[in-house]
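To keep things clear, I will list the structure first and then write my remarks on it.
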Amino acid sequence: MLFRFLQFLAGKKPDLFQLEQHQTYSAELLKDASAAFFSFEQARLLYPSLQILPAQVRMLECFDFYFPEDGKWYPRLLYYEAIHRVLVERARDLNIRVPAFVVGEGECLRIAAAVCTELGFSEIYLIGENTMQLHREARILSRGNLGIKFKVLPIEELTIQAVSASLIINTVHLKHESELLKDLSYFNFMNTGGYAFDCNLGNLQSELMEEAERAELKVLQPSDLLQALVEIVFEKLKQSEVLERTDLTAWVREFKEQNSSSV
């Protein structure tokens, strides 16, 4: 979705940047590049061969961005930075004294959970359908976050447990009328005035966030995450001054309308 939006943006400002897409990675591609984006599937294959591992990348065992600094290319996590930015800017009254819930699996789950630790949460529930995988993610997270409790919560127990959260982050694609979407849509596990944030960019029109609004939660949309990602990209490229935030917000809104599930 980020790549598709950058294509859309290139149509609006054709002189801003040049965008190329490649199915396989080669170091030769970096010679003329200012930055490189990777899917988590691609990055998973490349991760074992990386020579330089920044602390955050090493702790979470993943990356999604390659960027040159002082003549060397470093792996980074844009997804982490963008989630963190949205929550810091838009959820300033977030109650970190109660747990946070993170729904998903793999890299996206780990990243969102790690953002919660940086925000100050000391108890984080990992929620999903694959319990064995969730325990693996909890072990990875625990290695770099001493004193933080990462608890696995099978999705079938979500609506019957007694804990209430102030934040729920979803990182997976929720199919219409799926059991996972139905269980999450109850929101009986959320504190009054809590935040719901859908960080899955597969569909910018989030059905889960529509249900969250009906439950009178404070909602953060996938489009908020997309805008934060683009802002961070242009900051790193030292071109943030060429994109007015109001223009970017309008373009994200237009792109969302063109790519909603109803179109």
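Just so we're on the same page: first chain in the structure tokens is A, next is B, and so on; residues restart at 1 for each chain, and ligands are numbered from 1 in the order they show up.
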Which residues of region 79-173 of chain A come within 12 Å of region 177-195 of chain A, and for each one, what is the closest pair of atoms and their distance in Å to one decimal, counting only C-alpha atoms, sorted by chain and residue number, as a Markdown table?
| residue | atom | partner | partner_atom | distance |
| --- | --- | --- | --- | --- |
| A:Val86 | CA | A:Tyr195 | CA | 11.7 |
| A:Leu87 | CA | A:Tyr195 | CA | 9.3 |
| A:Arg90 | CA | A:Tyr195 | CA | 9.8 |
| A:Ala91 | CA | A:Tyr195 | CA | 7.5 |
| A:Arg92 | CA | A:Tyr195 | CA | 10.6 |
| A:Asp93 | CA | A:Gly194 | CA | 9.2 |
| A:Leu94 | CA | A:Gly194 | CA | 7.3 |
| A:Asn95 | CA | A:Gly194 | CA | 7.9 |
| A:Ile96 | CA | A:Gly194 | CA | 10.5 |
| A:Arg97 | CA | A:Asn191 | CA | 11.6 |
| A:Val98 | CA | A:Asn191 | CA | 9.0 |
| A:Pro99 | CA | A:Met190 | CA | 9.7 |
| A:Ala100 | CA | A:Met190 | CA | 9.4 |
| A:Phe101 | CA | A:Met190 | CA | 9.3 |
| A:Val102 | CA | A:Leu184 | CA | 11.1 |
| A:Val103 | CA | A:Leu184 | CA | 9.2 |
| A:Gly104 | CA | A:Leu180 | CA | 10.4 |
| A:Tyr125 | CA | A:Phe189 | CA | 11.7 |
| A:Ile127 | CA | A:Leu184 | CA | 10.1 |
| A:Gly128 | CA | A:Leu180 | CA | 8.2 |
| A:Glu129 | CA | A:Leu180 | CA | 8.1 |
| A:Asn130 | CA | A:Leu180 | CA | 11.9 |
| A:Pro154 | CA | A:Leu180 | CA | 10.6 |
| A:Ile155 | CA | A:Leu180 | CA | 7.1 |
| A:Glu156 | CA | A:Asp183 | CA | 7.7 |
| A:Glu157 | CA | A:Asp183 | CA | 9.3 |
| A:Leu158 | CA | A:Asp183 | CA | 7.3 |
| A:Thr159 | CA | A:Phe189 | CA | 6.4 |
| A:Ile160 | CA | A:Phe189 | CA | 8.4 |
| A:Gln161 | CA | A:Phe189 | CA | 7.7 |
| A:Ala162 | CA | A:Phe189 | CA | 7.4 |
| A:Val163 | CA | A:Phe189 | CA | 6.6 |
| A:Ser164 | CA | A:Phe189 | CA | 4.8 |
| A:Ala165 | CA | A:Met190 | CA | 4.8 |
| A:Ser166 | CA | A:Gly194 | CA | 4.4 |
| A:Leu167 | CA | A:Tyr195 | CA | 4.7 |
| A:Ile168 | CA | A:Tyr195 | CA | 6.5 |
| A:Ile169 | CA | A:Tyr195 | CA | 8.4 |
| A:Asn170 | CA | A:Leu184 | CA | 9.4 |
| A:Val172 | CA | A:Leu180 | CA | 10.0 |
| A:His173 | CA | A:Leu181 | CA | 9.4 |
Same residues, C-alpha atoms, output as a compact mmCIF listing (two decimals), in the first residue's frame:
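That gives us selection.txt:
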# COMPACT_ATOMS: atom_id res chain seq x y z
CA VAL A 86 0.74 8.35 15.26
CA LEU A 87 0.28 7.32 18.89
CA ARG A 90 -2.82 11.53 18.35
CA ALA A 91 -3.16 9.64 21.65
CA ARG A 92 -1.62 11.96 24.21
CA ASP A 93 -4.12 10.99 26.92
CA LEU A 94 -3.42 7.27 26.52
CA ASN A 95 -3.57 5.46 29.86
CA ILE A 96 -0.39 3.35 30.09
CA ARG A 97 -1.17 2.09 33.61
CA VAL A 98 -3.46 -0.60 32.21
CA PRO A 99 -2.58 -3.24 29.57
CA ALA A 100 -2.31 -2.85 25.81
CA PHE A 101 -3.61 -5.50 23.41
CA VAL A 102 -1.86 -6.25 20.11
CA VAL A 103 -3.50 -8.48 17.51
CA GLY A 104 -1.54 -10.31 14.84
CA TYR A 125 -1.27 -9.03 25.60
CA ILE A 127 -3.66 -11.89 20.61
CA GLY A 128 -4.13 -14.18 17.65
CA GLU A 129 -5.21 -17.52 16.29
CA ASN A 130 -1.83 -19.30 16.36
CA PRO A 154 -5.87 -16.89 22.37
CA ILE A 155 -8.55 -15.08 20.41
CA GLU A 156 -11.28 -17.42 21.68
CA GLU A 157 -10.59 -16.16 25.22
CA LEU A 158 -10.57 -12.48 24.36
CA THR A 159 -14.20 -11.67 25.15
CA ILE A 160 -14.38 -13.76 28.35
CA GLN A 161 -11.25 -12.62 30.18
CA ALA A 162 -11.51 -9.97 32.90
CA VAL A 163 -8.66 -7.61 31.89
CA SER A 164 -9.47 -4.23 30.34
CA ALA A 165 -7.13 -2.40 27.98
CA SER A 166 -6.67 1.25 27.06
CA LEU A 167 -5.21 0.48 23.63
CA ILE A 168 -5.78 -2.20 21.03
CA ILE A 169 -3.63 -2.36 17.90
CA ASN A 170 -4.58 -4.60 15.02
CA VAL A 172 -3.59 -8.30 10.43
CA HIS A 173 -6.05 -8.23 7.55
Mind checking which residues fall within 12 Å of Met209 (chain A), counting only C-alpha atoms, ignoring those fewer than 2 positions away in the same chain, and posting them as a PyMOL selection string?
-> chain A and resi 168-170+174+181+184-187+195-200+203-207+211-223
Practice problem: Identify, on the basis of only C-alpha atoms, every residue whose closest approach to Ile52 (chain A) does not exceed 12 Å; exclude the query and any residue fewer than 3 positions from it along the same chain; express the result as an MDAnalysis selection string. | Solution: chainID A and resid 46:49 55:58 63 66:69 72:76
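For the residues A:Leu146, A:Leu60, A:Gly71, A:Ala10, ranking by smallest atom-to-atom distance to Lys31 (chain A) using only C-alpha atoms places A:Gly71 first.
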Judged by only C-alpha atoms, the minimum distance to Arg143 (chain A) among A:Leu77, A:Met59, A:Cys108, A:Ile124 is found for A:Met59
Using DSSP on the backbone, list every residue of region 45-244 of chain A that comes out as strand (DSSP E), and give them as a PyMOL selection string.
chain A and resi 65-69+72-76+100-103+123-128+149-154+165-170+190-198+218-220
(message) Please compute the CA of Ser240 (chain A)-CA of Glu118 (chain A) distance, one decimal, in Å.
(response)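 About the pair CA of Ser240 (chain A) and CA of Glu118 (chain A): they are 25.3 Å apart.
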- Message: Ranking A:Lys12, A:His84, A:Lys256, A:His135 by minimum distance to Leu229 (chain A) and counting only C-alpha atoms, which one comes first?
- Response: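 Among A:Lys12, A:His84, A:Lys256, A:His135, it is A:His84 that comes nearest to Leu229 (chain A).
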For this session: Give me the residues within 12 Å of Thr249 (chain A) as a VMD selection string, counting only C-alpha atoms and dropping any in the same chain fewer than 5 places off.
Result: chain A and resid 9 223 to 228 230 to 231 243 to 244 254 to 256
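Separating CA of Trp251 (chain A) from CA of Ala82 (chain A) is a distance of 17.8 Å.
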### Residue nearest Ser142 (chain A) - candidates A:Glu107, A:Leu19, A:Arg85, A:Thr117, atoms counted: only C-alpha atoms
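Using only C-alpha atoms, the shortest distance to Ser142 (chain A) belongs to A:Thr117.
A straight line drawn from CA of Val233 (chain A) to CA of Ala138 (chain A) is 29.3 Å long.
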List as a ChimeraX atom specification the protein and nucleic acid residues near Phe38 (chain A), meaning an atom at most 7 Å away when only C-alpha atoms are counted, but skip any in the same chain fewer than 5 places from it. /A:43,64-65
Proximity to Val252 (chain A) - best of A:Arg139, A:Glu235, A:Arg4, A:Leu53, only C-alpha atoms: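 So, comparing all the options, the nearest one is A:Arg4.
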